[in-house]
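Okay, so here's the structure we're looking at.
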Amino acid sequence: MGKNILLIGGSTGIGLEIAKNLSSEHTVFIASRNSTNLSDLSVTHLKFNVLEDDISQLDLPNCIDGLIYCPGSINLKPFKMLKPKDFEEEMRLNFFGLVDVVNALLPNLKQSEQASLVFFSTVAVKVGMPFHTSVAAAKGAIEGFAKSLAAEYSPSFRVNVIAPSLVDTPMAEKLLNNDKKKEKMNERHPLKRVGNVTDIAAITAFLLNDKSSWITGQIFGVDGGLSTLNIS
């Protein structure tokens, strides 16, 4: 039986691939700023800007079985070039936007037999990397929030986090916009390639279905081995 799945930001990159993966079996709602790439998908699009809008004002089903929060950023700069407002903006998009959404949707999620929530972090939380201070701080907040939320709402909710390494998406274009950059990034990973959207969509779909019903409070490193293997 299909579930009601809500993607926050599902019109490009990873979110779009997740929508493609889920739409054939579930009722998928996508709350995002635009619907440019959704015309061929059997989904319901709801115009929504996480930085400006109130999710509770959208026409959503009373019961939400799955929630995926996709908004994020790749703001890689030396710490000395970042201002406090840069950290604030990063936190607003990645973390406080997520908190606002989850808080507003608690009544809908509680209507599910067991809601599954999936958030996104980064490999840079586990593995310290130069130039990642602002994004790693924001994503680290997500990991801590997810574990505490999973404990507080168990068994009603399952909450898990996917922590990818670099994935070939429009958001990562500046890091992969020529062959030399791609080769360099491929070589950093034990599996000798960066991620693709299907890698992330597959584990997201797994975490939303009943085959993962005994999994909660976990951080999944989908990162080509980067966070755990040293091959240098």
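Lettering and numbering for the structure tokens are positional, with chains as A, B, ... in the shown order, residues counted from 1 in each chain, and ligands counted from 1 in the shown order.
Look at Gly224 of chain A: the protein and nucleic acid residues within 9 Å of it, using only C-alpha atoms and passing over chain neighbours fewer than 5 places away, are Pro164, Ser165, His189, Pro190, Leu191, Lys192, Arg193, Val194 and Gly195 of chain A.
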Selection above as a file: C-alpha atoms, as an mmCIF file, in the first residue's frame:
```cif
data_model
loop_
_atom_site.group_PDB
_atom_site.id
_atom_site.type_symbol
_atom_site.label_atom_id
_atom_site.label_comp_id
_atom_site.auth_asym_id
_atom_site.auth_seq_id
_atom_site.Cartn_x
_atom_site.Cartn_y
_atom_site.Cartn_z
ATOM 1 C CA PRO A 164 27.113 11.732 1.585
ATOM 2 C CA SER A 165 30.442 12.751 0.215
ATOM 3 C CA HIS A 189 37.395 8.203 -2.741
ATOM 4 C CA PRO A 190 38.345 4.562 -2.157
ATOM 5 C CA LEU A 191 35.713 3.537 -4.724
ATOM 6 C CA LYS A 192 37.337 5.940 -7.212
ATOM 7 C CA ARG A 193 34.284 7.965 -8.085
ATOM 8 C CA VAL A 194 32.093 10.679 -6.676
ATOM 9 C CA GLY A 195 28.518 9.865 -5.851
#
```
Hey, what's within 10 Å of segment 35-51 of chain A if we count only C-alpha atoms and toss same-chain stuff fewer than 3 positions away? As a ChimeraX atom specification, please? /A:5-12,16,19-20,22-24,26-32,54-55,57-60,71,89,92-94,96-98,100-101
I need the residues in segment 37-197 of chain A that are strand (DSSP E) according to DSSP; give them as number ranges by chain. A: 44-47, 66-69, 115-120, 157-164
Counting only C-alpha atoms, which residues of segment 178-226 of chain A sit at most 9 Å from some atom of segment 139-159 of chain A, and what is each one's closest atom pair with its distance in Å to one decimal, listed by chain and rising residue number, as a Markdown table?
```
| residue | atom | partner | partner_atom | distance |
| --- | --- | --- | --- | --- |
| A:Leu207 | CA | A:Arg158 | CA | 8.9 |
| A:Ser213 | CA | A:Arg158 | CA | 7.9 |
| A:Trp214 | CA | A:Arg158 | CA | 8.6 |
| A:Ile215 | CA | A:Arg158 | CA | 7.1 |
| A:Thr216 | CA | A:Arg158 | CA | 4.9 |
| A:Gly217 | CA | A:Lys147 | CA | 4.8 |
| A:Gln218 | CA | A:Lys147 | CA | 7.2 |
| A:Ile219 | CA | A:Glu143 | CA | 7.2 |
```
Can I get the selection written as an mmCIF file, in the first residue's frame, with C-alpha atoms?
```cif
data_model
loop_
_atom_site.group_PDB
_atom_site.id
_atom_site.type_symbol
_atom_site.label_atom_id
_atom_site.label_comp_id
_atom_site.auth_asym_id
_atom_site.auth_seq_id
_atom_site.Cartn_x
_atom_site.Cartn_y
_atom_site.Cartn_z
ATOM 1 C CA LEU A 207 14.783 4.175 4.773
ATOM 2 C CA SER A 213 11.421 -0.738 10.110
ATOM 3 C CA TRP A 214 14.063 -1.667 12.731
ATOM 4 C CA ILE A 215 16.403 1.193 11.856
ATOM 5 C CA THR A 216 16.327 4.575 13.589
ATOM 6 C CA GLY A 217 18.720 7.149 15.003
ATOM 7 C CA GLN A 218 21.445 6.262 12.490
ATOM 8 C CA ILE A 219 23.868 8.288 10.403
#
```
Å distance separating atom CA of Lys181 of chain A from atom CA of Asp223 of chain A, one decimal place: 17.5 Å
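Of the residues listed (A:Pro78, A:Pro61, A:Gly72, A:Gly2), A:Gly72 shows the shortest atom-to-atom separation from Gly15 of chain A; distances use only C-alpha atoms.
Closest approach to Asn230 of chain A among A:Lys3, A:Asn62, A:Glu183, A:Arg188: A:Arg188, based on only C-alpha atoms.
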What's around Val123 of chain A at 9 Å? Count only C-alpha atoms, leave out sequence neighbours fewer than 3 positions away in its own chain, and write the answer as JSON, numbers by chain. {"A": [126, 127, 128, 136, 163, 164, 165, 166, 221, 222, 223, 226, 227]}
Restricting it to C-alpha atoms, dump the selection as a PDB file, in the first residue's frame.
```
ATOM      1  CA  LYS A 126      32.709  12.893  10.678  1.00  0.00           C
ATOM      2  CA  VAL A 127      35.921  13.711   8.814  1.00  0.00           C
ATOM      3  CA  GLY A 128      37.327  17.184   9.404  1.00  0.00           C
ATOM      4  CA  ALA A 136      29.853  21.092   8.731  1.00  0.00           C
ATOM      5  CA  ALA A 163      25.786  11.744   5.160  1.00  0.00           C
ATOM      6  CA  PRO A 164      27.113  11.732   1.585  1.00  0.00           C
ATOM      7  CA  SER A 165      30.442  12.751   0.215  1.00  0.00           C
ATOM      8  CA  LEU A 166      30.476  14.819  -2.980  1.00  0.00           C
ATOM      9  CA  GLY A 221      27.835   7.375   5.417  1.00  0.00           C
ATOM     10  CA  VAL A 222      27.142   7.028   1.695  1.00  0.00           C
ATOM     11  CA  ASP A 223      30.517   8.331   0.678  1.00  0.00           C
ATOM     12  CA  LEU A 226      35.853   8.183   2.349  1.00  0.00           C
ATOM     13  CA  SER A 227      34.832   8.414   6.007  1.00  0.00           C
TER      14      SER A 227
END
```
